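A short worksheet on the structure shown next.
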Amino acid sequence: MNKIKNPYIGLEQQGYNCFACCPTNPYGLKMEFYEDGDDIVSIWNPGDNYQGWLKTLHGGIQATLIDELGAWVISRKLQTSGVTTNLQVKYRNPIPTGDGVQIEIRGHIKEMKRNFAFIDVTISHDGKVCTMAGLTYFCFTKEKAASDYYFTGCELEEE
């Protein structure tokens with residue numbers, strides 16, 4: 001797996017403070033992303049501050065992790081940005097929280113129809129799929145992504 005550079009680092013003056021991926025947001029999830037073939041992956045530690053029920057990861061936080069992973073799939077694989085238009089989540093097994101717990105959020109483009117990307121995402125713990133989701137993502141033109149959202153590309157750290 002190859003680490004992806006965060007293309008928004010340095011845009012704090014323009015308002016970058018994403019709850020999911022900004023490394024300086026004190027309340028944020030501080031997600032990082034990797035490319036693994038056709039997939040984009042994030043390895044994340046669900047601390048106890050993110051629980052819903054006792055020692056169990058909150059479903060809304062899971063949806064946020066999935067939604068953000070989808071955005072990074074678009075950024076890296078299509079080299080643009082856009083917005084989620086639909087998110088369907090299936091919670092199959094509880095995900096624990098706490099020190100030392102790691103989960104994997106993994107997704108890829110399943111299908112493209114014009115400027116809509118259909119993305120499949122899973123969250124796994126200890127090799128077991130706990131949550132599955134399907135996202136529909138409206139993808140901006142590269143010109144709109146650059147002019148309205150400061151998107152200039154999404155590269156790997158080694159590129």
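Identifiers in this document derive from the order of the structure tokens: chains are assigned A, B, ..., residues are numbered from 1 separately in each chain, and ligands are numbered from 1 in order of occurrence.
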
Which stretch 128-151 of chain A residues have any atom within 7 Å of an atom of stretch 80-89 of chain A, and for each, what is the nearest pair of atoms with distance in Å to one decimal, counting only C-alpha atoms, rows sorted by chain and number, as a Markdown table?
```
| residue | atom | partner | partner_atom | distance |
| --- | --- | --- | --- | --- |
| A:Met132 | CA | A:Val89 | CA | 5.9 |
| A:Ala133 | CA | A:Val89 | CA | 4.4 |
| A:Gly134 | CA | A:Gln88 | CA | 5.3 |
| A:Leu135 | CA | A:Leu87 | CA | 4.6 |
| A:Thr136 | CA | A:Asn86 | CA | 5.0 |
| A:Tyr137 | CA | A:Thr84 | CA | 4.4 |
| A:Phe138 | CA | A:Val83 | CA | 5.4 |
| A:Cys139 | CA | A:Gly82 | CA | 4.3 |
| A:Phe140 | CA | A:Gly82 | CA | 5.0 |
| A:Thr141 | CA | A:Thr80 | CA | 6.9 |
| A:Lys142 | CA | A:Thr80 | CA | 5.4 |
| A:Ala145 | CA | A:Ser81 | CA | 5.5 |
| A:Phe151 | CA | A:Thr80 | CA | 6.8 |
```

> Contacts of A:Asn6 at 9 Å or less, counting only C-alpha atoms, minus same-chain residues fewer than 2 places along, as a VMD selection string?
Replying inline: chain A and resid 4 8 to 9 21 to 22 32 to 33 154 to 157

>> When you look at A:Gly59 with a cut-off of 8 Å (counting only C-alpha atoms), what residues show up, excluding the ones that are within fewer than 4 positions of it in the same chain? I need them as a VMD selection string.
In response: chain A and resid 52 63 91

> Interatomic distance between atom CA of A:Lys77 and atom CA of A:Ser42?
Replying inline: 15.0 Å

>> Which residues are close to A:Gly60, i.e. within 10 Å by only C-alpha atoms, leaving aside same-chain residues fewer than 6 positions away? Reply as an MDAnalysis selection string.
In response: chainID A and resid 50:52 66

Would you put the residues from that selection into a file with N, CA and C atoms, as a tab-separated table (two decimals), in the first residue's frame?
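Result went into part.tsv, see below:
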```
chain	number	residue	atom	x	y	z
A	50	TYR	N	-15.45	7.84	20.60
A	50	TYR	CA	-16.30	7.69	19.42
A	50	TYR	C	-17.34	6.58	19.60
A	51	GLN	N	-17.58	6.17	20.82
A	51	GLN	CA	-18.53	5.09	21.03
A	51	GLN	C	-19.97	5.60	21.08
A	52	GLY	N	-20.87	4.71	20.72
A	52	GLY	CA	-22.29	4.95	20.89
A	52	GLY	C	-22.72	4.20	22.14
A	66	ILE	N	-17.08	6.03	6.27
A	66	ILE	CA	-17.43	5.51	4.95
A	66	ILE	C	-17.54	6.65	3.94
```

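With distances taken over only C-alpha atoms, A:Tyr150 is the one residue among A:Tyr27, A:Val41, A:Tyr150, A:Asp36 lying closest to A:Gly10.
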
Contact residues around stretch 99-107 of chain A with only C-alpha atoms at 10 Å, ignoring same-chain residues under 3 positions, as a PDB file with N, CA, C and O atoms, in the first residue's frame:
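Wrote part_33.pdb, looks like this:
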```pdb
ATOM      1  N   PHE A  33      -4.947   8.013   4.289  1.00  0.00           N
ATOM      2  CA  PHE A  33      -5.409   7.136   3.225  1.00  0.00           C
ATOM      3  C   PHE A  33      -4.254   6.533   2.447  1.00  0.00           C
ATOM      4  O   PHE A  33      -3.196   7.142   2.298  1.00  0.00           O
ATOM      5  N   TYR A  34      -4.522   5.338   1.921  1.00  0.00           N
ATOM      6  CA  TYR A  34      -3.534   4.574   1.168  1.00  0.00           C
ATOM      7  C   TYR A  34      -4.196   4.019  -0.086  1.00  0.00           C
ATOM      8  O   TYR A  34      -5.396   3.738  -0.100  1.00  0.00           O
ATOM      9  N   GLU A  35      -3.382   3.836  -1.110  1.00  0.00           N
ATOM     10  CA  GLU A  35      -3.852   3.194  -2.326  1.00  0.00           C
ATOM     11  C   GLU A  35      -3.351   1.762  -2.327  1.00  0.00           C
ATOM     12  O   GLU A  35      -2.165   1.507  -2.088  1.00  0.00           O
ATOM     13  N   ASP A  36      -4.255   0.831  -2.597  1.00  0.00           N
ATOM     14  CA  ASP A  36      -3.930  -0.587  -2.651  1.00  0.00           C
ATOM     15  C   ASP A  36      -4.598  -1.156  -3.897  1.00  0.00           C
ATOM     16  O   ASP A  36      -5.744  -1.618  -3.854  1.00  0.00           O
ATOM     17  N   ASP A  38      -6.829  -1.185  -6.896  1.00  0.00           N
ATOM     18  CA  ASP A  38      -8.029  -0.412  -7.210  1.00  0.00           C
ATOM     19  C   ASP A  38      -8.689   0.184  -5.973  1.00  0.00           C
ATOM     20  O   ASP A  38      -9.598   1.001  -6.079  1.00  0.00           O
ATOM     21  N   ASP A  39      -8.261  -0.237  -4.799  1.00  0.00           N
ATOM     22  CA  ASP A  39      -8.888   0.190  -3.551  1.00  0.00           C
ATOM     23  C   ASP A  39      -8.172   1.378  -2.921  1.00  0.00           C
ATOM     24  O   ASP A  39      -6.958   1.548  -3.064  1.00  0.00           O
ATOM     25  N   ILE A  40      -8.949   2.148  -2.170  1.00  0.00           N
ATOM     26  CA  ILE A  40      -8.422   3.153  -1.255  1.00  0.00           C
ATOM     27  C   ILE A  40      -8.736   2.632   0.137  1.00  0.00           C
ATOM     28  O   ILE A  40      -9.823   2.115   0.408  1.00  0.00           O
ATOM     29  N   VAL A  41      -7.756   2.767   1.042  1.00  0.00           N
ATOM     30  CA  VAL A  41      -7.833   2.164   2.366  1.00  0.00           C
ATOM     31  C   VAL A  41      -7.464   3.195   3.424  1.00  0.00           C
ATOM     32  O   VAL A  41      -6.578   4.028   3.213  1.00  0.00           O
ATOM     33  N   SER A  42      -8.132   3.126   4.558  1.00  0.00           N
ATOM     34  CA  SER A  42      -7.743   3.889   5.737  1.00  0.00           C
ATOM     35  C   SER A  42      -7.713   2.931   6.915  1.00  0.00           C
ATOM     36  O   SER A  42      -8.639   2.130   7.101  1.00  0.00           O
ATOM     37  N   ILE A  43      -6.642   2.985   7.683  1.00  0.00           N
ATOM     38  CA  ILE A  43      -6.534   2.222   8.925  1.00  0.00           C
ATOM     39  C   ILE A  43      -6.753   3.233  10.039  1.00  0.00           C
ATOM     40  O   ILE A  43      -6.083   4.268  10.083  1.00  0.00           O
ATOM     41  N   TRP A  44      -7.697   2.945  10.920  1.00  0.00           N
ATOM     42  CA  TRP A  44      -8.097   3.940  11.916  1.00  0.00           C
ATOM     43  C   TRP A  44      -8.290   3.278  13.267  1.00  0.00           C
ATOM     44  O   TRP A  44      -8.684   2.114  13.353  1.00  0.00           O
ATOM     45  N   ASN A  45      -8.001   4.028  14.318  1.00  0.00           N
ATOM     46  CA  ASN A  45      -8.135   3.551  15.690  1.00  0.00           C
ATOM     47  C   ASN A  45      -9.366   4.186  16.335  1.00  0.00           C
ATOM     48  O   ASN A  45      -9.348   5.377  16.625  1.00  0.00           O
ATOM     49  N   PRO A  46     -10.431   3.413  16.544  1.00  0.00           N
ATOM     50  CA  PRO A  46     -11.651   3.955  17.138  1.00  0.00           C
ATOM     51  C   PRO A  46     -11.530   4.067  18.659  1.00  0.00           C
ATOM     52  O   PRO A  46     -11.806   3.117  19.399  1.00  0.00           O
ATOM     53  N   GLY A  47     -11.107   5.228  19.115  1.00  0.00           N
ATOM     54  CA  GLY A  47     -10.990   5.448  20.555  1.00  0.00           C
ATOM     55  C   GLY A  47     -12.350   5.487  21.234  1.00  0.00           C
ATOM     56  O   GLY A  47     -13.396   5.609  20.595  1.00  0.00           O
ATOM     57  N   ASP A  48     -12.325   5.404  22.538  1.00  0.00           N
ATOM     58  CA  ASP A  48     -13.564   5.378  23.312  1.00  0.00           C
ATOM     59  C   ASP A  48     -14.386   6.658  23.178  1.00  0.00           C
ATOM     60  O   ASP A  48     -15.586   6.649  23.465  1.00  0.00           O
ATOM     61  N   GLN A  62     -19.264   5.626  11.999  1.00  0.00           N
ATOM     62  CA  GLN A  62     -19.012   4.673  10.920  1.00  0.00           C
ATOM     63  C   GLN A  62     -19.443   5.255   9.574  1.00  0.00           C
ATOM     64  O   GLN A  62     -18.724   5.145   8.577  1.00  0.00           O
ATOM     65  N   LEU A  65     -16.869   7.758   8.456  1.00  0.00           N
ATOM     66  CA  LEU A  65     -15.675   7.094   7.938  1.00  0.00           C
ATOM     67  C   LEU A  65     -15.911   6.599   6.511  1.00  0.00           C
ATOM     68  O   LEU A  65     -15.057   6.757   5.626  1.00  0.00           O
ATOM     69  N   ILE A  66     -17.076   6.029   6.271  1.00  0.00           N
ATOM     70  CA  ILE A  66     -17.431   5.514   4.946  1.00  0.00           C
ATOM     71  C   ILE A  66     -17.542   6.648   3.940  1.00  0.00           C
ATOM     72  O   ILE A  66     -17.001   6.577   2.832  1.00  0.00           O
ATOM     73  N   GLU A  68     -16.224   9.642   4.015  1.00  0.00           N
ATOM     74  CA  GLU A  68     -14.916  10.242   3.737  1.00  0.00           C
ATOM     75  C   GLU A  68     -14.067   9.337   2.845  1.00  0.00           C
ATOM     76  O   GLU A  68     -13.385   9.818   1.939  1.00  0.00           O
ATOM     77  N   LEU A  69     -14.116   8.042   3.094  1.00  0.00           N
ATOM     78  CA  LEU A  69     -13.365   7.109   2.248  1.00  0.00           C
ATOM     79  C   LEU A  69     -13.834   7.241   0.806  1.00  0.00           C
ATOM     80  O   LEU A  69     -13.019   7.277  -0.130  1.00  0.00           O
ATOM     81  N   GLY A  70     -15.154   7.361   0.612  1.00  0.00           N
ATOM     82  CA  GLY A  70     -15.701   7.549  -0.736  1.00  0.00           C
ATOM     83  C   GLY A  70     -15.155   8.796  -1.414  1.00  0.00           C
ATOM     84  O   GLY A  70     -14.825   8.772  -2.604  1.00  0.00           O
ATOM     85  N   TRP A  72     -12.282  10.172  -0.914  1.00  0.00           N
ATOM     86  CA  TRP A  72     -10.892   9.940  -1.282  1.00  0.00           C
ATOM     87  C   TRP A  72     -10.755   8.974  -2.451  1.00  0.00           C
ATOM     88  O   TRP A  72      -9.788   9.045  -3.212  1.00  0.00           O
ATOM     89  N   VAL A  73     -11.703   8.069  -2.609  1.00  0.00           N
ATOM     90  CA  VAL A  73     -11.722   7.225  -3.806  1.00  0.00           C
ATOM     91  C   VAL A  73     -11.842   8.129  -5.039  1.00  0.00           C
ATOM     92  O   VAL A  73     -11.095   7.979  -6.009  1.00  0.00           O
ATOM     93  N   ILE A  95     -18.519  -2.929  16.198  1.00  0.00           N
ATOM     94  CA  ILE A  95     -17.085  -2.645  16.114  1.00  0.00           C
ATOM     95  C   ILE A  95     -16.644  -2.130  17.480  1.00  0.00           C
ATOM     96  O   ILE A  95     -17.216  -1.161  17.985  1.00  0.00           O
ATOM     97  N   PRO A  96     -15.636  -2.757  18.080  1.00  0.00           N
ATOM     98  CA  PRO A  96     -15.199  -2.307  19.404  1.00  0.00           C
ATOM     99  C   PRO A  96     -14.425  -0.981  19.332  1.00  0.00           C
ATOM    100  O   PRO A  96     -13.905  -0.606  18.292  1.00  0.00           O
ATOM    101  N   LYS A 110     -17.274   0.865  -8.073  1.00  0.00           N
ATOM    102  CA  LYS A 110     -17.949  -0.307  -8.611  1.00  0.00           C
ATOM    103  C   LYS A 110     -18.396  -0.051 -10.046  1.00  0.00           C
ATOM    104  O   LYS A 110     -18.303  -0.922 -10.903  1.00  0.00           O
ATOM    105  N   ILE A 119     -19.799   3.561  -5.465  1.00  0.00           N
ATOM    106  CA  ILE A 119     -18.650   3.124  -4.679  1.00  0.00           C
ATOM    107  C   ILE A 119     -19.093   2.117  -3.628  1.00  0.00           C
ATOM    108  O   ILE A 119     -20.106   2.328  -2.951  1.00  0.00           O
ATOM    109  N   ASP A 120     -18.354   1.044  -3.485  1.00  0.00           N
ATOM    110  CA  ASP A 120     -18.577   0.072  -2.413  1.00  0.00           C
ATOM    111  C   ASP A 120     -17.510   0.272  -1.347  1.00  0.00           C
ATOM    112  O   ASP A 120     -16.319   0.418  -1.669  1.00  0.00           O
ATOM    113  N   VAL A 121     -17.937   0.273  -0.085  1.00  0.00           N
ATOM    114  CA  VAL A 121     -17.023   0.469   1.047  1.00  0.00           C
ATOM    115  C   VAL A 121     -17.354  -0.559   2.127  1.00  0.00           C
ATOM    116  O   VAL A 121     -18.527  -0.859   2.363  1.00  0.00           O
ATOM    117  N   THR A 122     -16.320  -1.065   2.775  1.00  0.00           N
ATOM    118  CA  THR A 122     -16.498  -1.940   3.934  1.00  0.00           C
ATOM    119  C   THR A 122     -15.661  -1.420   5.093  1.00  0.00           C
ATOM    120  O   THR A 122     -14.642  -0.752   4.896  1.00  0.00           O
ATOM    121  N   ILE A 123     -16.123  -1.734   6.298  1.00  0.00           N
ATOM    122  CA  ILE A 123     -15.317  -1.527   7.503  1.00  0.00           C
ATOM    123  C   ILE A 123     -15.103  -2.906   8.108  1.00  0.00           C
ATOM    124  O   ILE A 123     -16.073  -3.647   8.349  1.00  0.00           O
ATOM    125  N   SER A 124     -13.834  -3.240   8.352  1.00  0.00           N
ATOM    126  CA  SER A 124     -13.490  -4.552   8.905  1.00  0.00           C
ATOM    127  C   SER A 124     -12.711  -4.402  10.200  1.00  0.00           C
ATOM    128  O   SER A 124     -11.956  -3.434  10.379  1.00  0.00           O
ATOM    129  N   HIS A 125     -12.896  -5.379  11.076  1.00  0.00           N
ATOM    130  CA  HIS A 125     -12.123  -5.466  12.317  1.00  0.00           C
ATOM    131  C   HIS A 125     -11.682  -6.922  12.475  1.00  0.00           C
ATOM    132  O   HIS A 125     -12.497  -7.836  12.345  1.00  0.00           O
ATOM    133  N   ASP A 126     -10.401  -7.104  12.719  1.00  0.00           N
ATOM    134  CA  ASP A 126      -9.831  -8.452  12.856  1.00  0.00           C
ATOM    135  C   ASP A 126     -10.187  -9.350  11.678  1.00  0.00           C
ATOM    136  O   ASP A 126     -10.507 -10.527  11.848  1.00  0.00           O
ATOM    137  N   GLY A 127     -10.176  -8.789  10.463  1.00  0.00           N
ATOM    138  CA  GLY A 127     -10.427  -9.550   9.256  1.00  0.00           C
ATOM    139  C   GLY A 127     -11.889  -9.854   8.989  1.00  0.00           C
ATOM    140  O   GLY A 127     -12.214 -10.520   8.011  1.00  0.00           O
ATOM    141  N   LYS A 128     -12.784  -9.372   9.819  1.00  0.00           N
ATOM    142  CA  LYS A 128     -14.219  -9.634   9.678  1.00  0.00           C
ATOM    143  C   LYS A 128     -14.923  -8.360   9.221  1.00  0.00           C
ATOM    144  O   LYS A 128     -14.757  -7.306   9.833  1.00  0.00           O
ATOM    145  N   VAL A 129     -15.707  -8.455   8.145  1.00  0.00           N
ATOM    146  CA  VAL A 129     -16.471  -7.301   7.666  1.00  0.00           C
ATOM    147  C   VAL A 129     -17.592  -7.026   8.658  1.00  0.00           C
ATOM    148  O   VAL A 129     -18.425  -7.896   8.934  1.00  0.00           O
ATOM    149  N   CYS A 130     -17.590  -5.824   9.203  1.00  0.00           N
ATOM    150  CA  CYS A 130     -18.594  -5.430  10.198  1.00  0.00           C
ATOM    151  C   CYS A 130     -19.656  -4.516   9.605  1.00  0.00           C
ATOM    152  O   CYS A 130     -20.797  -4.524  10.067  1.00  0.00           O
ATOM    153  N   THR A 131     -19.262  -3.710   8.632  1.00  0.00           N
ATOM    154  CA  THR A 131     -20.173  -2.733   8.038  1.00  0.00           C
ATOM    155  C   THR A 131     -19.935  -2.697   6.543  1.00  0.00           C
ATOM    156  O   THR A 131     -18.792  -2.730   6.091  1.00  0.00           O
ATOM    157  N   MET A 132     -21.028  -2.624   5.783  1.00  0.00           N
ATOM    158  CA  MET A 132     -20.953  -2.543   4.323  1.00  0.00           C
ATOM    159  C   MET A 132     -21.755  -1.325   3.888  1.00  0.00           C
ATOM    160  O   MET A 132     -22.774  -0.998   4.504  1.00  0.00           O
ATOM    161  N   ALA A 133     -21.299  -0.678   2.813  1.00  0.00           N
ATOM    162  CA  ALA A 133     -22.027   0.494   2.336  1.00  0.00           C
ATOM    163  C   ALA A 133     -21.883   0.648   0.835  1.00  0.00           C
ATOM    164  O   ALA A 133     -20.895   0.218   0.240  1.00  0.00           O
ATOM    165  N   GLY A 134     -22.882   1.289   0.276  1.00  0.00           N
ATOM    166  CA  GLY A 134     -22.852   1.705  -1.116  1.00  0.00           C
ATOM    167  C   GLY A 134     -23.089   3.205  -1.168  1.00  0.00           C
ATOM    168  O   GLY A 134     -23.992   3.719  -0.505  1.00  0.00           O
ATOM    169  N   LEU A 135     -22.242   3.911  -1.894  1.00  0.00           N
ATOM    170  CA  LEU A 135     -22.368   5.357  -2.039  1.00  0.00           C
ATOM    171  C   LEU A 135     -22.582   5.704  -3.499  1.00  0.00           C
ATOM    172  O   LEU A 135     -22.025   5.049  -4.384  1.00  0.00           O
TER     173      LEU A 135
END
```

>> From a backbone DSSP assignment, name each residue in stretch 8-155 of chain A labelled helix (DSSP H, G or I), as JSON, numbers by chain.
In response: {"A": [12, 13, 14, 48, 49, 50, 59, 60, 61, 62, 63, 64, 65, 66, 67, 68, 69, 70, 71, 72, 73, 74, 75, 76, 77, 78, 142, 143, 144, 145, 146, 147, 148, 149]}

> Among stretch 12-135 of chain A, which ones does DSSP place in strand (DSSP E), written as a PyMOL selection string?
Replying inline: chain A and resi 34-36+39-44+82-91+103-113+116-125+128-135

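As for atom CA of A:Gly15 and atom CA of A:His58, they are spaced 27.0 Å apart.
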